[in-house]
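The file structure24.txt comes next; it holds compact mmCIF, C-alpha atoms.
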```
# COMPACT_ATOMS: atom_id res chain seq x y z
CA MET A 1 -20.59 5.04 20.26
CA LYS A 2 -21.17 1.26 20.33
CA ILE A 3 -18.69 -0.57 18.12
CA ALA A 4 -18.55 -4.31 17.32
CA MET A 5 -15.04 -5.61 16.76
CA ILE A 6 -15.54 -8.74 14.63
CA ASN A 7 -12.56 -11.05 14.30
CA GLY A 8 -13.02 -13.11 11.11
CA SER A 9 -9.84 -15.15 11.41
CA PRO A 10 -10.12 -18.93 11.11
CA LYS A 11 -7.63 -19.14 13.98
CA ALA A 12 -8.88 -19.01 17.55
CA GLY A 13 -5.55 -17.88 19.02
CA LYS A 14 -2.82 -15.60 17.76
CA SER A 15 -3.40 -14.36 14.22
CA ASN A 16 -2.59 -11.53 11.85
CA THR A 17 -6.23 -10.47 12.02
CA ALA A 18 -6.07 -10.27 15.83
CA PHE A 19 -2.91 -8.16 15.53
CA LEU A 20 -4.70 -5.73 13.20
CA LEU A 21 -7.81 -5.51 15.39
CA ASN A 22 -5.74 -4.95 18.55
CA SER A 23 -3.77 -2.22 16.80
CA LEU A 24 -6.98 -0.45 15.80
CA GLU A 25 -8.53 -0.93 19.23
CA ALA A 26 -5.77 1.12 20.85
CA LEU A 27 -6.84 4.04 18.64
CA ILE A 28 -10.62 3.86 19.11
CA SER A 29 -11.15 2.56 22.65
CA SER A 30 -11.33 5.98 24.26
CA GLY A 31 -14.93 7.27 24.45
CA ASN A 32 -16.41 4.26 22.66
CA GLU A 33 -18.00 1.08 23.96
CA LEU A 34 -16.29 -1.86 22.23
CA THR A 35 -17.75 -5.39 22.10
CA HIS A 36 -15.65 -8.25 20.79
CA TYR A 37 -16.82 -11.11 18.61
CA HIS A 38 -14.68 -14.00 17.40
CA ILE A 39 -16.81 -15.94 14.97
CA ILE A 40 -14.78 -19.18 15.06
CA LYS A 41 -14.20 -19.22 18.82
CA ASN A 42 -17.78 -18.23 19.67
CA PRO A 43 -20.21 -18.54 16.75
CA PRO A 44 -22.76 -15.73 17.22
CA SER A 45 -25.94 -16.62 19.08
CA GLU A 46 -29.35 -15.08 18.37
CA GLU A 47 -28.61 -12.63 21.16
CA ALA A 48 -25.30 -11.67 19.52
CA PHE A 49 -27.07 -11.05 16.21
CA SER A 50 -29.57 -8.78 17.99
CA GLN A 51 -26.70 -6.89 19.63
CA LEU A 52 -24.99 -6.42 16.25
CA CYS A 53 -28.16 -4.79 14.91
CA GLN A 54 -28.01 -2.21 17.74
CA MET A 55 -24.42 -1.13 17.06
CA ASP A 56 -23.32 2.24 15.67
CA ALA A 57 -20.45 0.64 13.80
CA LEU A 58 -19.21 -2.80 12.81
CA VAL A 59 -15.49 -3.35 12.33
CA LEU A 60 -14.78 -6.49 10.33
CA ALA A 61 -11.26 -7.89 10.16
CA PHE A 62 -10.33 -10.96 8.14
CA PRO A 63 -7.70 -12.57 5.93
CA LEU A 64 -8.26 -12.57 2.18
CA TYR A 65 -9.14 -16.05 0.86
CA ILE A 66 -8.99 -16.61 -2.93
CA ASP A 67 -9.52 -12.91 -3.70
CA ALA A 68 -12.54 -12.64 -1.41
CA ILE A 69 -14.08 -13.22 2.01
CA PRO A 70 -13.40 -16.58 3.71
CA SER A 71 -16.44 -18.85 3.73
CA HIS A 72 -16.89 -19.03 7.52
CA LEU A 73 -17.24 -15.23 7.67
CA PHE A 74 -19.23 -15.08 4.45
CA ARG A 75 -21.87 -17.43 5.91
CA LEU A 76 -22.18 -15.08 8.88
CA LEU A 77 -22.65 -12.05 6.62
CA VAL A 78 -25.49 -13.82 4.80
CA GLU A 79 -27.15 -14.57 8.15
CA LEU A 80 -26.54 -11.07 9.41
CA GLU A 81 -28.26 -9.59 6.34
CA GLU A 82 -31.45 -11.37 7.41
CA HIS A 83 -31.18 -10.03 10.96
CA MET A 84 -30.46 -6.50 9.73
CA LYS A 85 -33.80 -6.29 7.93
CA GLY A 86 -35.89 -3.75 9.78
CA HIS A 87 -33.11 -2.28 11.92
CA LYS A 88 -33.69 1.43 12.51
CA ASN A 89 -30.35 2.99 13.41
CA GLU A 90 -27.68 3.98 10.90
CA ILE A 91 -24.82 1.47 11.13
CA TYR A 92 -21.43 2.12 9.58
CA VAL A 93 -19.24 -0.76 8.40
CA TYR A 94 -15.45 -0.55 8.47
CA ALA A 95 -13.15 -3.34 7.38
CA ILE A 96 -9.51 -4.37 7.59
CA THR A 97 -8.17 -7.18 5.42
CA ASN A 98 -4.76 -8.71 5.01
CA ASN A 99 -3.63 -10.95 2.20
CA GLY A 100 -0.73 -13.36 1.98
CA PHE A 101 0.67 -11.70 -1.14
CA TYR A 102 2.69 -8.52 -1.08
CA GLU A 103 0.32 -6.04 -2.70
CA GLY A 104 -2.43 -4.44 -0.67
CA ARG A 105 -4.38 -3.77 -3.87
CA GLN A 106 -5.18 -7.46 -4.16
CA ASN A 107 -7.78 -6.94 -1.41
CA HIS A 108 -9.95 -4.63 -3.53
CA ILE A 109 -12.55 -7.21 -4.66
CA ALA A 110 -13.30 -8.21 -1.04
CA PHE A 111 -14.22 -4.59 -0.33
CA GLU A 112 -16.51 -4.48 -3.37
CA ILE A 113 -18.27 -7.59 -2.04
CA LEU A 114 -18.63 -5.91 1.36
CA LYS A 115 -20.07 -2.78 -0.25
CA ASN A 116 -22.64 -4.93 -2.08
CA TRP A 117 -23.45 -6.66 1.23
CA CYS A 118 -23.94 -3.25 2.90
CA GLN A 119 -26.27 -2.23 0.08
CA ARG A 120 -28.41 -5.36 0.56
CA SER A 121 -28.39 -5.07 4.35
CA GLY A 122 -29.20 -1.37 4.64
CA LEU A 123 -25.79 -0.57 6.12
CA ARG A 124 -23.41 2.24 5.27
CA PHE A 125 -19.91 1.30 4.13
CA GLY A 126 -17.50 3.60 5.96
CA GLN A 127 -13.98 2.69 4.92
CA GLY A 128 -11.68 -0.21 4.15
CA LEU A 129 -7.99 -0.76 4.83
CA GLY A 130 -6.30 -3.58 2.90
CA HIS A 131 -2.74 -4.64 3.68
CA GLY A 132 -0.39 -7.01 1.89
CA ALA A 133 2.19 -9.45 3.27
CA GLY A 134 -0.18 -10.73 5.96
CA GLU A 135 2.14 -13.40 7.30
CA MET A 136 4.73 -10.71 8.06
CA LEU A 137 2.45 -9.00 10.56
CA ALA A 138 2.47 -11.51 13.40
CA SER A 139 6.26 -11.87 13.19
CA ASN A 140 6.53 -8.08 13.50
CA ASP A 141 4.49 -7.71 16.65
CA LYS A 142 7.40 -6.12 18.47
CA ILE A 143 7.66 -3.33 15.88
CA PRO A 144 5.29 -0.47 16.69
CA LEU A 145 2.70 0.40 14.11
CA GLY A 146 3.79 3.32 11.94
CA HIS A 147 7.45 2.30 12.01
CA GLY A 148 9.73 0.18 9.81
CA PRO A 149 7.80 -2.24 7.56
CA LEU A 150 4.55 -1.15 9.23
CA LYS A 151 4.85 2.55 8.40
CA ASN A 152 2.14 2.56 5.71
CA LEU A 153 -0.10 0.35 7.80
CA GLY A 154 0.24 2.74 10.74
CA LYS A 155 -0.74 5.74 8.61
CA GLY A 156 -3.74 3.88 7.23
CA MET A 157 -4.79 2.69 10.69
CA ASN A 158 -4.73 6.27 12.03
CA LEU A 159 -6.92 7.51 9.18
CA LEU A 160 -9.32 4.60 9.66
CA ALA A 161 -9.50 5.27 13.41
CA ASP A 162 -10.25 8.97 12.79
CA ASN A 163 -13.13 8.05 10.52
CA ILE A 164 -14.49 5.50 12.98
CA ASN A 165 -14.26 7.97 15.87
CA SER A 166 -16.16 10.60 13.87
CA LYS A 167 -18.52 8.01 12.32
CA SER A 168 -17.68 9.15 8.82
CA SER A 169 -16.61 7.65 5.51
CA GLY A 170 -13.26 7.70 3.78
CA GLU A 171 -11.53 6.46 0.66
CA LEU A 172 -10.43 2.87 0.35
CA MET A 173 -6.80 2.40 1.45
CA LEU A 174 -4.75 -0.43 -0.08
CA VAL A 175 -1.20 -0.45 1.24
CA ASN A 176 1.99 -2.46 0.84
CA PRO A 177 4.50 -3.11 3.63
CA ASN A 178 7.51 -0.76 3.72
CA PHE A 179 9.85 -3.58 2.80
CA PRO A 180 11.23 -4.50 -0.65
CA ARG A 181 9.17 -7.12 -2.43
CA PHE A 182 12.16 -9.27 -3.42
CA ALA A 183 13.36 -9.39 0.20
CA TRP A 184 9.85 -10.24 1.42
CA GLN A 185 9.62 -13.05 -1.15
CA PHE A 186 13.05 -14.42 -0.23
CA ALA A 187 12.22 -14.37 3.47
CA GLY A 188 8.83 -15.97 2.83
CA THR A 189 10.34 -18.81 0.82
CA HIS A 190 13.27 -19.66 3.07
CA PHE A 191 12.31 -18.51 6.55
CA PHE A 192 8.64 -19.33 6.40
CA TRP A 193 7.59 -22.02 3.91
CA ASN A 194 10.78 -24.09 3.86
CA ALA A 195 11.43 -23.59 7.57
CA GLU A 196 7.87 -24.55 8.56
CA ALA A 197 7.91 -27.63 6.29
CA LYS A 198 11.26 -28.68 7.77
CA LYS A 199 9.69 -28.69 11.24
CA ASN A 200 7.33 -31.35 9.83
CA GLY A 201 10.25 -33.39 8.47
CA LEU A 202 9.65 -32.31 4.86
CA LYS A 203 12.19 -31.29 2.24
CA LYS A 204 11.63 -28.94 -0.68
CA ARG A 205 10.98 -31.86 -3.04
CA ASP A 206 8.16 -32.98 -0.72
CA ILE A 207 6.55 -29.53 -0.87
CA LEU A 208 6.67 -29.70 -4.68
CA ARG A 209 5.11 -33.14 -5.01
CA ARG A 210 2.39 -33.84 -7.55
CA LEU A 211 -0.38 -36.35 -6.95
CA MET B 1 -11.87 -34.55 -17.33
CA LYS B 2 -14.52 -31.96 -16.51
CA MET B 3 -15.56 -30.76 -13.04
CA ILE B 4 -18.90 -29.22 -12.09
CA ILE B 5 -19.04 -27.45 -8.72
CA HIS B 6 -22.56 -26.37 -7.79
CA ASP B 7 -24.62 -25.23 -4.82
CA LEU B 8 -27.96 -26.66 -5.91
CA GLY B 9 -30.09 -29.31 -4.26
CA GLN B 10 -29.93 -32.73 -5.91
CA GLU B 11 -33.35 -32.33 -7.54
CA GLU B 12 -32.62 -28.84 -8.89
CA PHE B 13 -29.33 -30.07 -10.31
CA THR B 14 -30.87 -33.09 -11.99
CA VAL B 15 -33.44 -30.83 -13.69
CA LEU B 16 -30.53 -29.07 -15.41
CA GLU B 17 -29.78 -32.36 -17.20
CA PRO B 18 -26.04 -32.35 -16.52
CA PRO B 19 -23.75 -34.70 -18.46
CA SER B 20 -23.70 -38.19 -16.94
CA THR B 21 -20.54 -39.45 -18.60
CA GLY B 22 -17.73 -40.96 -16.56
CA ASP B 23 -15.33 -38.13 -17.31
CA THR B 24 -17.26 -35.56 -15.22
CA ILE B 25 -16.64 -34.99 -11.51
CA VAL B 26 -19.51 -33.33 -9.66
CA ILE B 27 -18.82 -31.47 -6.42
CA SER B 28 -22.00 -30.75 -4.50
CA ASP B 29 -23.15 -29.63 -1.06
CA HIS B 30 -23.97 -32.44 1.39
CA GLY B 31 -24.14 -29.92 4.22
CA LYS B 32 -20.98 -31.37 5.76
CA ILE B 33 -18.15 -29.32 4.26
CA ARG B 34 -15.81 -27.89 6.87
CA PRO B 35 -14.17 -24.47 6.56
CA CYS B 36 -10.48 -23.95 5.82
CA ILE B 37 -8.71 -23.36 9.14
CA GLY B 38 -5.79 -21.40 7.66
CA CYS B 39 -3.21 -23.93 8.90
CA PHE B 40 -1.27 -24.23 5.59
CA GLY B 41 -1.10 -27.98 6.26
CA CYS B 42 -1.85 -28.67 2.58
CA TRP B 43 1.46 -26.96 1.78
CA ILE B 44 3.76 -27.80 4.69
CA LYS B 45 2.42 -30.99 6.33
CA THR B 46 0.69 -33.10 3.67
CA PRO B 47 1.62 -31.24 0.44
CA GLY B 48 -1.16 -31.39 -2.13
CA VAL B 49 -3.86 -32.66 0.27
CA CYS B 50 -5.95 -30.75 2.82
CA ILE B 51 -5.51 -32.07 6.36
CA ILE B 52 -9.26 -31.87 7.05
CA LYS B 53 -10.72 -35.32 6.47
CA ASP B 54 -13.97 -34.84 4.61
CA ASP B 55 -15.22 -35.22 1.03
CA TYR B 56 -13.38 -32.07 -0.06
CA GLN B 57 -9.91 -33.07 1.14
CA SER B 58 -8.52 -33.80 -2.34
CA MET B 59 -9.83 -30.81 -4.27
CA GLY B 60 -6.33 -29.81 -5.40
CA GLU B 61 -5.58 -33.22 -6.89
CA LEU B 62 -9.00 -33.40 -8.58
CA LEU B 63 -8.55 -29.96 -10.16
CA SER B 64 -5.23 -31.15 -11.61
CA LYS B 65 -7.06 -33.82 -13.63
CA CYS B 66 -9.48 -31.34 -15.23
CA ASP B 67 -9.35 -29.33 -18.43
CA GLU B 68 -12.65 -27.59 -17.70
CA ILE B 69 -14.23 -26.34 -14.47
CA ILE B 70 -17.87 -25.27 -14.47
CA ILE B 71 -19.21 -23.48 -11.40
CA ILE B 72 -22.94 -22.97 -10.84
CA SER B 73 -23.53 -20.60 -7.97
CA ARG B 74 -26.09 -18.20 -6.60
CA CYS B 75 -24.61 -14.73 -6.94
CA VAL B 76 -24.28 -13.44 -3.37
CA TYR B 77 -23.11 -9.81 -3.12
CA GLY B 78 -21.08 -10.28 -6.30
CA SER B 79 -19.39 -13.38 -4.89
CA TYR B 80 -20.09 -17.10 -5.09
CA SER B 81 -22.43 -18.53 -2.47
CA PRO B 82 -20.85 -19.61 0.87
CA PHE B 83 -20.64 -23.29 -0.17
CA ILE B 84 -18.79 -22.56 -3.44
CA ARG B 85 -16.52 -20.16 -1.55
CA ASN B 86 -15.86 -22.94 0.94
CA VAL B 87 -14.90 -25.39 -1.83
CA LEU B 88 -12.49 -22.84 -3.33
CA ASP B 89 -11.01 -22.04 0.09
CA ARG B 90 -10.30 -25.78 0.43
CA SER B 91 -8.65 -25.98 -3.01
CA ILE B 92 -5.38 -24.16 -2.44
CA SER B 93 -3.44 -27.44 -2.39
CA TYR B 94 -3.75 -27.16 -6.19
CA LEU B 95 -1.06 -24.48 -5.88
CA LEU B 96 2.36 -24.30 -4.27
CA PRO B 97 3.12 -22.05 -1.32
CA TYR B 98 5.96 -20.39 -3.23
CA PHE B 99 5.44 -17.05 -4.93
CA VAL B 100 5.79 -15.79 -8.49
CA GLN B 101 5.13 -12.40 -10.10
CA LYS B 102 2.49 -12.15 -12.82
CA ASN B 103 1.69 -8.73 -14.29
CA ASP B 104 3.61 -7.12 -11.45
CA GLU B 105 1.48 -8.88 -8.84
CA THR B 106 2.45 -11.68 -6.50
CA HIS B 107 0.67 -15.03 -6.87
CA HIS B 108 1.34 -18.62 -5.86
CA GLN B 109 3.30 -20.89 -8.16
CA ASN B 110 1.51 -23.65 -10.04
CA ARG B 111 1.93 -27.15 -8.55
CA TYR B 112 0.69 -28.87 -11.71
CA ASN B 113 1.32 -28.13 -15.34
CA ASN B 114 -2.42 -27.88 -15.90
CA TYR B 115 -4.50 -25.06 -17.38
CA PHE B 116 -8.28 -25.44 -17.32
CA LYS B 117 -11.09 -23.41 -18.80
CA LEU B 118 -13.12 -21.76 -16.04
CA THR B 119 -16.80 -21.11 -16.67
CA VAL B 120 -19.03 -19.62 -13.99
CA HIS B 121 -22.82 -19.51 -14.18
CA PHE B 122 -24.16 -17.12 -11.57
CA TYR B 123 -27.89 -17.25 -10.95
CA GLY B 124 -30.27 -14.99 -9.03
CA GLU B 125 -33.49 -13.09 -9.66
CA ASP B 126 -32.24 -9.63 -8.77
CA ILE B 127 -28.48 -9.46 -9.34
CA THR B 128 -27.51 -5.77 -9.43
CA LYS B 129 -25.15 -4.20 -11.96
CA ALA B 130 -22.64 -3.57 -9.16
CA GLU B 131 -22.78 -7.25 -8.17
CA GLU B 132 -22.27 -8.33 -11.80
CA LYS B 133 -19.21 -6.10 -12.04
CA THR B 134 -17.79 -7.47 -8.79
CA ALA B 135 -18.47 -11.07 -9.85
CA GLN B 136 -16.69 -10.56 -13.17
CA ALA B 137 -13.65 -9.09 -11.41
CA LEU B 138 -13.68 -11.95 -8.90
CA VAL B 139 -13.72 -14.71 -11.53
CA LYS B 140 -10.97 -12.97 -13.50
CA ALA B 141 -8.81 -12.72 -10.37
CA ASN B 142 -9.54 -16.37 -9.48
CA GLY B 143 -8.56 -17.34 -13.02
CA ILE B 144 -5.16 -15.71 -12.53
CA ASN B 145 -4.61 -17.39 -9.16
CA PHE B 146 -5.72 -20.83 -10.38
CA TYR B 147 -3.94 -20.66 -13.73
CA SER B 148 -7.04 -20.98 -15.90
CA GLU B 149 -6.39 -20.61 -19.61
CA GLU B 150 -9.61 -18.62 -20.06
CA GLU B 151 -12.59 -17.52 -18.02
CA CYS B 152 -16.22 -17.16 -18.99
CA VAL B 153 -18.89 -15.59 -16.74
CA CYS B 154 -22.65 -15.81 -17.37
CA PHE B 155 -25.54 -14.42 -15.35
CA HIS B 156 -28.94 -16.14 -15.23
CA GLN B 157 -32.19 -14.84 -13.78
CA SER B 158 -33.47 -18.38 -13.35
CA LEU B 159 -32.10 -21.90 -13.19
CA GLU B 160 -34.14 -22.72 -16.29
CA SER B 161 -31.78 -20.65 -18.43
CA ILE B 162 -28.76 -22.70 -17.27
CA LYS B 163 -30.27 -25.77 -18.97
CA GLY B 164 -28.47 -26.56 -22.16
CA VAL B 165 -25.17 -24.90 -21.25
CA TRP B 166 -23.39 -28.25 -21.27
CA GLN B 167 -22.97 -28.46 -25.05
```

Can I see the file as structure tokens?
Amino acid sequence: MKIAMINGSPKAGKSNTAFLLNSLEALISSGNELTHYHIIKNPPSEEAFSQLCQMDALVLAFPLYIDAIPSHLFRLLVELEEHMKGHKNEIYVYAITNNGFYEGRQNHIAFEILKNWCQRSGLRFGQGLGHGAGEMLASNDKIPLGHGPLKNLGKGMNLLADNINSKSSGELMLVNPNFPRFAWQFAGTHFFWNAEAKKNGLKKRDILRRL
Amino acid sequence: MKMIIHDLGQEEFTVLEPPSTGDTIVISDHGKIRPCIGCFGCWIKTPGVCIIKDDYQSMGELLSKCDEIIIISRCVYGSYSPFIRNVLDRSISYLLPYFVQKNDETHHQNRYNNYFKLTVHFYGEDITKAEEKTAQALVKANGINFYSEEECVCFHQSLESIKGVWQ
């Protein structure tokens, strides 16, 4: 099966989205032909659009932006709809999103938008996996999927991989990290936001400034 | 202050006879907006201002001056059009990076003590029922994240029917 792995992160290098795609890749690489696309690093050419129309499955991975799909990826979806007109093969769409909040359920509107896009483009929506606490993922890249805070994500990833491998559909999965919310929020405030601002010479009162 | 964010060409927008008073900010598409790069610079480098130097750098500050936001957007798969999405992506400096729980969900804290009315006019000739439902859910969720005091969503089959919504 020909599968397009589409990285919709705004970051060209290391990202939470790349972590999620790499984790999935380990579960679907056997017996499938995977082609990688990074829309910020290499904006798709006409040839790439033609290739995408010949795939058996598209896997889209992206961070949630303001409850929906980030604009750089959204522009590509609009363009891809035009290219998809007249394609003959049945193409399944699978998606993985991560949001910066804790709750995986906050990704649900992005999946509804994707389903509407599939409807317009003549594609079949296969399954979505939405995860919360996105910024925790990259810092956990030494913890294997399915363990510790990534236990739920690991389970969801296995189910998603099974459905991709069998080219079938499954229910939407919206999962939280296996980590208490208050501890995640405390760590986010002190070890991420305040610590990152401090590296730039800023204090908490600078972060809070009003203009 | 009122803000109108739209994705129309200049001529199409003028036909709608928008208010021309000095207390209205109009955000439109010059074809030069750059996408958010996910750097969080507007929170941890230059708090309150996007680090990307273009006409949309100060969206957060501008939103803080407004008591009403009106969005006019083509309805695209139940979302705003890519340009409007881009403007919103570039507006997170309106908020703080810190978290708060609202209705048992995590959101960002408010940077400003400002609560605007959010009205969205979606247009399109063939908006499906599913897209309408998605769009309503999206605006409601955006309203929670951007601390709007109320949200109003309207669907229009043509631009003509948006005329006269300014009163």

Quick one: of B:Leu96, B:Met1, B:Cys50, B:Cys75, who's nearest to Trp193 of chain A, counting all atoms listed in the file?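 The closest residue to Trp193 of chain A is B:Leu96.
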
Atom CA of Val153 of chain B and atom CA of Trp166 of chain B, how far apart in Å? 14.2 Å

Smallest atom-to-atom distance to chain B: which of A:Phe186, A:Tyr92, A:Phe125, A:Tyr37, using all atoms listed in the file?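 Checking each candidate against chain B, we get A:Phe186 as the closest.
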
Here is a test: counting only C-alpha atoms, which residue of B:Val87, B:Leu95, B:Leu16, B:Cys154 is nearest to Lys133 of chain B? B:Cys154

Do you have the atom CA of Lys2 of chain B-atom CA of Asn103 of chain B distance handy?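 Going from atom CA of Lys2 of chain B over to atom CA of Asn103 of chain B, I get 28.4 Å.
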
Distance cut-off 7 Å, counting all atoms listed in the file - which residues of chain A neighbour chain B? Return them as a ChimeraX atom specification. /A:10-11,65-67,70-72,74-75,101-103,109,112-113,116-117,185,189,193,196-197,200,206-211

Next, dump the selected residues to file, keeping only C-alpha atoms, as a tab-separated table (two decimals), in the frame of the given file.
```tsv
chain	number	residue	atom	x	y	z
A	10	PRO	CA	-10.12	-18.93	11.11
A	11	LYS	CA	-7.63	-19.14	13.98
A	65	TYR	CA	-9.14	-16.05	0.86
A	66	ILE	CA	-8.99	-16.61	-2.93
A	67	ASP	CA	-9.52	-12.91	-3.70
A	70	PRO	CA	-13.40	-16.58	3.71
A	71	SER	CA	-16.44	-18.85	3.73
A	72	HIS	CA	-16.89	-19.03	7.52
A	74	PHE	CA	-19.23	-15.08	4.45
A	75	ARG	CA	-21.87	-17.43	5.91
A	101	PHE	CA	0.67	-11.70	-1.14
A	102	TYR	CA	2.69	-8.52	-1.08
A	103	GLU	CA	0.32	-6.04	-2.70
A	109	ILE	CA	-12.55	-7.21	-4.66
A	112	GLU	CA	-16.51	-4.48	-3.37
A	113	ILE	CA	-18.27	-7.59	-2.04
A	116	ASN	CA	-22.64	-4.93	-2.08
A	117	TRP	CA	-23.45	-6.66	1.23
A	185	GLN	CA	9.62	-13.05	-1.15
A	189	THR	CA	10.34	-18.81	0.82
A	193	TRP	CA	7.59	-22.02	3.91
A	196	GLU	CA	7.87	-24.55	8.56
A	197	ALA	CA	7.91	-27.63	6.29
A	200	ASN	CA	7.33	-31.35	9.83
A	206	ASP	CA	8.16	-32.98	-0.72
A	207	ILE	CA	6.55	-29.53	-0.87
A	208	LEU	CA	6.67	-29.70	-4.68
A	209	ARG	CA	5.11	-33.14	-5.01
A	210	ARG	CA	2.39	-33.84	-7.55
A	211	LEU	CA	-0.38	-36.35	-6.95
```

What is the atom CA of Gly134 of chain A to atom CA of Ile71 of chain B distance in Å?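 So the two atoms, atom CA of Gly134 of chain A and atom CA of Ile71 of chain B, lie 28.7 Å apart.
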
Minimum-distance residue to Asn16 of chain A, chosen among A:Asn32, A:Asn176, A:Gln51, A:Thr97 (using only C-alpha atoms):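 Of all the options, A:Thr97 lies closest to Asn16 of chain A.
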
Any idea what's packed within 12 Å of Ser50 of chain A, counting all atoms listed in the file, ignoring anything in its chain fewer than 2 positions away? Could you give it as an MDAnalysis selection string? chainID A and resid 4 44:48 52:55 79:87

What lies within 10 Å of Thr24 of chain B using all atoms listed in the file, ignoring chain neighbours under 5 positions off, as a count of residues only? 9

If we count all atoms listed in the file and set the cut-off at 8 Å, which residues sit around Phe179 of chain A, ignoring sequence neighbours fewer than 5 positions away in its own chain? Please answer as a ChimeraX atom specification. /A:148-149,184

Residue subset to file, keeping C-alpha atoms, as a PDB file, in the frame of the given file:
```
ATOM      1  CA  GLY A 148       9.730   0.180   9.810  1.00  0.00           C
ATOM      2  CA  PRO A 149       7.800  -2.240   7.560  1.00  0.00           C
ATOM      3  CA  TRP A 184       9.850 -10.240   1.420  1.00  0.00           C
TER       4      TRP A 184
END
```

Nearby residues (all atoms listed in the file) at most 12 Å from Gly104 of chain A, same-chain spacing under 3 positions excluded, as a compact mmCIF listing (two decimals) with C-alpha atoms, in the coordinates of the input:
```txt
# COMPACT_ATOMS: atom_id res chain seq x y z
CA PRO A 63 -7.70 -12.57 5.93
CA LEU A 64 -8.26 -12.57 2.18
CA ASP A 67 -9.52 -12.91 -3.70
CA ILE A 96 -9.51 -4.37 7.59
CA THR A 97 -8.17 -7.18 5.42
CA ASN A 98 -4.76 -8.71 5.01
CA ASN A 99 -3.63 -10.95 2.20
CA GLY A 100 -0.73 -13.36 1.98
CA PHE A 101 0.67 -11.70 -1.14
CA ASN A 107 -7.78 -6.94 -1.41
CA HIS A 108 -9.95 -4.63 -3.53
CA ILE A 109 -12.55 -7.21 -4.66
CA ALA A 110 -13.30 -8.21 -1.04
CA PHE A 111 -14.22 -4.59 -0.33
CA GLY A 128 -11.68 -0.21 4.15
CA LEU A 129 -7.99 -0.76 4.83
CA GLY A 130 -6.30 -3.58 2.90
CA HIS A 131 -2.74 -4.64 3.68
CA GLY A 132 -0.39 -7.01 1.89
CA ALA A 133 2.19 -9.45 3.27
CA GLY A 134 -0.18 -10.73 5.96
CA ASN A 152 2.14 2.56 5.71
CA LEU A 153 -0.10 0.35 7.80
CA GLY A 156 -3.74 3.88 7.23
CA LEU A 172 -10.43 2.87 0.35
CA MET A 173 -6.80 2.40 1.45
CA LEU A 174 -4.75 -0.43 -0.08
CA VAL A 175 -1.20 -0.45 1.24
CA ASN A 176 1.99 -2.46 0.84
CA PRO A 177 4.50 -3.11 3.63
CA ASN A 178 7.51 -0.76 3.72
CA GLU B 105 1.48 -8.88 -8.84
CA THR B 106 2.45 -11.68 -6.50
```

Using only C-alpha atoms - which residues lie no farther than 10 Å from the point (-31.0, -18.0, -10.3) in the file's frame? Write them as an mmCIF file with C-alpha atoms, keeping the file's coordinate frame.
```cif
data_model
loop_
_atom_site.group_PDB
_atom_site.id
_atom_site.type_symbol
_atom_site.label_atom_id
_atom_site.label_comp_id
_atom_site.auth_asym_id
_atom_site.auth_seq_id
_atom_site.Cartn_x
_atom_site.Cartn_y
_atom_site.Cartn_z
ATOM 1 C CA ILE B 72 -22.940 -22.970 -10.840
ATOM 2 C CA SER B 73 -23.530 -20.600 -7.970
ATOM 3 C CA ARG B 74 -26.090 -18.200 -6.600
ATOM 4 C CA CYS B 75 -24.610 -14.730 -6.940
ATOM 5 C CA HIS B 121 -22.820 -19.510 -14.180
ATOM 6 C CA PHE B 122 -24.160 -17.120 -11.570
ATOM 7 C CA TYR B 123 -27.890 -17.250 -10.950
ATOM 8 C CA GLY B 124 -30.270 -14.990 -9.030
ATOM 9 C CA GLU B 125 -33.490 -13.090 -9.660
ATOM 10 C CA ASP B 126 -32.240 -9.630 -8.770
ATOM 11 C CA ILE B 127 -28.480 -9.460 -9.340
ATOM 12 C CA PHE B 155 -25.540 -14.420 -15.350
ATOM 13 C CA HIS B 156 -28.940 -16.140 -15.230
ATOM 14 C CA GLN B 157 -32.190 -14.840 -13.780
ATOM 15 C CA SER B 158 -33.470 -18.380 -13.350
ATOM 16 C CA LEU B 159 -32.100 -21.900 -13.190
ATOM 17 C CA GLU B 160 -34.140 -22.720 -16.290
ATOM 18 C CA SER B 161 -31.780 -20.650 -18.430
ATOM 19 C CA ILE B 162 -28.760 -22.700 -17.270
#
```

Selected residue of minimal separation from Ala161 of chain A among A:Ala26, A:Ala12, A:Ile6, A:Met1, counting all atoms listed in the file: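 Looking at the shortest contact to Ala161 of chain A, the residue is A:Ala26.
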